[in-house]
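Participant: Here it is, the structure, as structure tokens.
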Amino acid sequence: MLDDDTRDWWRHAAIYQVYPRSFADGDGDGVGDLAGIRARLGYLHDLGIDAIWFSPWFPSPMADAGYDVADYRDIDPVFGTLAEAEQLIAEARRLGIRTIIDIVPNHCSDRHAWFQQALAEGPGSPARELFWFRPGRGEHGELPPNDWQSIFGGRAWTRVRDGEWYLHLFAAEQPDLNWDHPRVRAEFEDILRFWFDRGVDGIRIDSAAMCAKDPYLADFDPAAPPEPHPYSDRDEVHDIYRAWRQIADSYEPKRALIGEVWLGDTERFARYLRSDEMHTAFNFDFLGCPWDAKALRGCVDATLASHAPVGAPSTWVLANHDVTRTVTRYGRADTGFEHALRQARHQVHTDIPTGTRRARAAALLTLALPGAVYLYQGEELGLPEVEDLPDHARQDPFFFRTQKTDPGRDGCRVPLPWSKTGANHGFSPAGGAPAWLPQPTEWAELTADDQAGDPDSMLTLYRTAFAVRGAEPGLGDGPMSWLDIDAADVLAFARPGGFACVVNLSGGPVELPAYEEILLASAPLDGGRLPVDTAVWLRIPKE
Ligand code: GLC
């Protein structure tokens, strides 16, 4: 049993996202794997995190880097075996680290047995009812059944040999499942139990708002979608997660559900967090928020206000495997993130020292806010987005389905640099094959080994910050209050127990409020003043 098994750990946890292909390569094939992760569990323990979220590790043809699952109850051979996954879960737990796995319910792989059966059994067969197969429009059915577009670009329908079309909101290799079918529901409920029985503490639910579809599959204008939307955030979707919550609650200790819910409407977002649905969901408003005091304060207030009525804790997220890395984003003139603007912002001028300075300050801001925090692998090393990957190396379907106009997400998925020894900056053992995505040569200066011994490194900042966060009873879940401070564009707030966080987003240094002790600063202070793009954690007099 972990220390806080009896507490609602998901309300305050620091969760580290492992992207298995790119974390550490144990067998030398240039692709990360479970052996690599197991060998680095000590690193994650020393970092001070409470849980690991693993991006998909299931058997997959990797058309979308594992988010195209061929078998939800096994491990892809490139990563290892189910027995190794069980060992990894147990070893992590012995180190006090929980495991969250990534379940992809909206779609499976076109190599999944169900889809293969649906192809083989043809139109009108029960196997086709598990997906969205339809005849085409036009005289010979040569036109897709409706005008829906794939999120990755291009149309959302692909025609099969017998003339029918199937729906895929993502890549053609990711057919959408029909959640109106009881067999789909029963199957995923069983998959949840399969992993919960193996000691998994929680699941991250991929594309969670998209599973329910308008059964009429009507055309619509994406610029002015009808209400309800044909496939996003339909009311029916909530029943799926109510059923999952009952399963999660039937375990001892109870398991947690964490939703990937991209919605602009914070009230609609909070519905997923009602007490009989998910426990938490990723805060993408915060992830996309520009480095701007008013915008950030507005985002924090809106987050807290929308979560309070449902009693759910907030989460704070700066990055993941789908978005531009933080030091790059914050180093640009335009510091927000939006998928739709990735192409326009790609390879614009980036000031990495400024981005890094801001990312350091943002780390302290994020870790001081109330609720749980997520850290995407490599953020603790201050890795930049790799923007100059050669076209032939890119793998993301986003890139190919947009005719190579959108660079896609490969630039944040480049394997981690670990050390000066071994192949691929220590990602692979000596003699290993080239990494599946090439690493920049400059990453020799950003390795985890080098940073571990450097008091000024990003890694040391994160380690220290996680340690302070763990020791401060007022951090994690609980109240916060803004402090009145006589300076514009400064965020200052208090947490219980005489803790304050002050972040300077203005154009010049500012005076600190009265304090007793400096607990941690993201950069050296300027004679007692807080420099630009710097955050500080203070012990302040208790009220
Ligand atoms: C989620 C994942 C993303 C994936 C998509 C389709 O957004 O985070 O990586 O491509 O779902 O599964």
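Letters A, B, ... go to the chains of the structure tokens in the order shown; residues in each chain start at 1; ligands are counted from 1 in the same order.
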Give the residue list for ligand 1 at 8 Å, counting only C-alpha atoms and all ligand atoms, as a VMD selection string, sorted by chain and then by residue number.
Facilitator: chain A and resid 64 to 65 67 to 68 104 106 to 107 170 174 206 to 207 260 320 to 322
Participant: Skipping near chain neighbours, those fewer than 3 positions away, what residues fall within 9 Å of Asp484 in chain A using only C-alpha atoms, listed as a JSON list (two decimals) with N, CA, C and O atoms, in the first residue's frame?
Facilitator:
```json
[["chain", "number", "residue", "atom", "x", "y", "z"],
["A", 487, "ALA", "N", 2.09, 46.17, -8.18],
["A", 487, "ALA", "CA", 2.84, 46.13, -9.43],
["A", 487, "ALA", "C", 1.96, 45.49, -10.48],
["A", 487, "ALA", "O", 1.28, 44.50, -10.19],
["A", 492, "ALA", "N", 0.67, 37.04, -7.93],
["A", 492, "ALA", "CA", 1.10, 36.75, -6.56],
["A", 492, "ALA", "C", -0.06, 36.12, -5.83],
["A", 492, "ALA", "O", -1.17, 36.65, -5.83],
["A", 493, "PHE", "N", 0.17, 34.94, -5.26],
["A", 493, "PHE", "CA", -0.92, 34.29, -4.53],
["A", 493, "PHE", "C", -0.36, 33.51, -3.36],
["A", 493, "PHE", "O", 0.81, 33.13, -3.34]]
```
Participant: Mind the document's chain letters and residue numbers, and return as a PyMOL selection string the residues of range 311-540 of chain A that DSSP labels strand (DSSP E or B).
Facilitator: chain A and resi 315-317+372-376+423+428+481-482+490-495+499-504+510-511+517-521+526+529-530+534-539
Participant: Can you pull out the residues contacting Glu517 in chain A? Cut-off 9 Å, using only C-alpha atoms, and skip same-chain residues under 2 positions away; I want them as JSON, numbers by chain.
Facilitator: {"A": [515, 519, 537, 538, 539, 540]}
Participant: Would you mind exporting N, CA, C and O atoms of the selected residues as a tab-separated table (two decimals), in the first residue's frame?
Facilitator:
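So part23.tsv came out as:
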```tsv
chain	number	residue	atom	x	y	z
A	515	TYR	N	8.39	39.04	3.36
A	515	TYR	CA	8.55	37.59	3.49
A	515	TYR	C	9.52	37.26	4.61
A	515	TYR	O	10.31	38.12	5.05
A	519	LEU	N	12.04	30.28	-0.39
A	519	LEU	CA	12.11	28.81	-0.45
A	519	LEU	C	12.77	28.35	-1.75
A	519	LEU	O	13.52	27.39	-1.77
A	537	TRP	N	9.18	31.29	-4.69
A	537	TRP	CA	8.32	30.74	-3.63
A	537	TRP	C	8.84	31.32	-2.31
A	537	TRP	O	10.04	31.23	-2.00
A	538	LEU	N	7.93	31.88	-1.55
A	538	LEU	CA	8.30	32.56	-0.31
A	538	LEU	C	7.56	31.98	0.90
A	538	LEU	O	6.42	31.52	0.77
A	539	ARG	N	8.22	32.05	2.04
A	539	ARG	CA	7.51	31.86	3.31
A	539	ARG	C	7.11	33.26	3.75
A	539	ARG	O	7.97	34.15	3.87
A	540	ILE	N	5.82	33.48	3.90
A	540	ILE	CA	5.35	34.81	4.31
A	540	ILE	C	4.72	34.70	5.70
A	540	ILE	O	4.36	33.60	6.14
```
Participant: So, with only C-alpha atoms as the atoms that count, which of A:Phe54, A:Phe115, A:Val160, A:Arg297 lies closest to Pro135 in chain A?
Facilitator: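 Once distances to Pro135 in chain A are computed over only C-alpha atoms, the minimum belongs to A:Val160.
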Participant: To one decimal place, how far is CA of Thr315 in chain A from CA of Thr280 in chain A in Å?
Facilitator: 7.1 Å
Participant: For a test of reading the model, state the distance in Å between CA of Thr366 in chain A and CA of Arg11 in chain A, rounded to one decimal.
Facilitator: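 Taking CA of Thr366 in chain A and CA of Arg11 in chain A, their separation equals 14.5 Å.
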Participant: For range 507-510 of chain A, list every protein, DNA or RNA residue within 6 Å, evaluated using only C-alpha atoms, and leave out those in the same chain fewer than 2 positions away; present the list as a list in words.
Facilitator: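 Listing them by chain and then by number gives Arg529, Leu530, Pro531 and Val532 of chain A.
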Participant: Residues as selected, N, CA and C atoms, written as a PDB file, in the first residue's frame, can you do that?
Facilitator:
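Just written: selection_26.pdb:
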```pdb
ATOM      1  N   ARG A 529      15.095  42.185  -5.363  1.00  0.00           N
ATOM      2  CA  ARG A 529      13.940  42.388  -6.257  1.00  0.00           C
ATOM      3  C   ARG A 529      13.797  41.184  -7.178  1.00  0.00           C
ATOM      4  N   LEU A 530      12.565  41.035  -7.684  1.00  0.00           N
ATOM      5  CA  LEU A 530      12.272  39.879  -8.537  1.00  0.00           C
ATOM      6  C   LEU A 530      12.446  40.291  -9.999  1.00  0.00           C
ATOM      7  N   PRO A 531      13.421  39.696 -10.695  1.00  0.00           N
ATOM      8  CA  PRO A 531      13.665  40.102 -12.088  1.00  0.00           C
ATOM      9  C   PRO A 531      12.519  39.679 -13.018  1.00  0.00           C
ATOM     10  N   VAL A 532      12.585  40.192 -14.215  1.00  0.00           N
ATOM     11  CA  VAL A 532      11.605  39.870 -15.254  1.00  0.00           C
ATOM     12  C   VAL A 532      11.585  38.356 -15.518  1.00  0.00           C
TER      13      VAL A 532
END
```
Participant: Just the residues within 7 Å of Ile101 in chain A, please, counting only C-alpha atoms, with nothing from its chain fewer than 6 positions along; format it as a ChimeraX atom specification.
Facilitator: /A:53-56,202-204
Participant: Export all heavy atoms of the chosen residues as a compact mmCIF listing (two decimals), in the first residue's frame?
Facilitator:
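Okay, part_19.txt is ready:
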```txt
# COMPACT_ATOMS: atom_id res chain seq x y z
N TRP A 53 2.05 8.54 -16.21
CA TRP A 53 1.05 8.23 -17.23
C TRP A 53 1.83 7.75 -18.45
O TRP A 53 2.67 8.48 -18.97
CB TRP A 53 0.20 9.48 -17.53
CG TRP A 53 -0.30 9.59 -18.95
CD1 TRP A 53 -0.66 8.57 -19.79
CD2 TRP A 53 -0.49 10.80 -19.70
NE1 TRP A 53 -1.06 9.07 -21.01
CE2 TRP A 53 -0.96 10.43 -20.99
CE3 TRP A 53 -0.31 12.15 -19.40
CZ2 TRP A 53 -1.25 11.37 -21.97
CZ3 TRP A 53 -0.60 13.08 -20.38
CH2 TRP A 53 -1.07 12.69 -21.65
N PHE A 54 1.52 6.53 -18.88
CA PHE A 54 2.16 5.96 -20.07
C PHE A 54 1.28 6.21 -21.28
O PHE A 54 0.14 5.72 -21.33
CB PHE A 54 2.35 4.45 -19.91
CG PHE A 54 3.34 4.08 -18.84
CD1 PHE A 54 2.91 3.70 -17.58
CD2 PHE A 54 4.70 4.12 -19.09
CE1 PHE A 54 3.82 3.37 -16.59
CE2 PHE A 54 5.62 3.79 -18.11
CZ PHE A 54 5.17 3.41 -16.86
N SER A 55 1.79 6.90 -22.29
CA SER A 55 1.09 6.93 -23.57
C SER A 55 0.99 5.49 -24.06
O SER A 55 1.72 4.61 -23.58
CB SER A 55 1.85 7.82 -24.56
OG SER A 55 1.51 9.17 -24.34
N PRO A 56 0.11 5.19 -25.03
CA PRO A 56 -0.22 3.79 -25.33
C PRO A 56 0.99 2.89 -25.56
O PRO A 56 1.93 3.25 -26.27
CB PRO A 56 -1.07 3.89 -26.59
CG PRO A 56 -1.74 5.20 -26.46
CD PRO A 56 -0.70 6.11 -25.85
N GLY A 202 -4.92 4.19 -12.52
CA GLY A 202 -5.83 5.12 -13.18
C GLY A 202 -5.69 4.99 -14.68
O GLY A 202 -4.76 4.37 -15.19
N ILE A 203 -6.66 5.59 -15.38
CA ILE A 203 -6.56 5.60 -16.84
C ILE A 203 -6.72 7.02 -17.35
O ILE A 203 -7.48 7.83 -16.80
CB ILE A 203 -7.60 4.68 -17.52
CG1 ILE A 203 -9.01 5.04 -17.06
CG2 ILE A 203 -7.29 3.23 -17.26
CD1 ILE A 203 -10.05 4.49 -18.02
N ARG A 204 -5.97 7.30 -18.39
CA ARG A 204 -6.13 8.55 -19.13
C ARG A 204 -7.02 8.18 -20.32
O ARG A 204 -6.76 7.20 -21.01
CB ARG A 204 -4.76 9.06 -19.57
CG ARG A 204 -4.78 10.35 -20.38
CD ARG A 204 -4.52 10.07 -21.85
NE ARG A 204 -4.35 11.30 -22.63
CZ ARG A 204 -4.42 11.34 -23.95
NH1 ARG A 204 -4.62 10.25 -24.64
NH2 ARG A 204 -4.27 12.47 -24.59
```
Participant: From the list A:Ala433, A:Ala63, A:Leu177, A:Leu217, which residue is nearest Arg401 in chain A when using only C-alpha atoms?
Facilitator: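 Closest candidate: A:Ala63.
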Participant: If we count only C-alpha atoms and set the cut-off at 8 Å, which residues sit around Leu318 in chain A, ignoring sequence neighbours fewer than 3 positions away in its own chain? Please answer as JSON, numbers by chain.
Facilitator: {"A": [286, 287, 288, 326, 374, 375]}
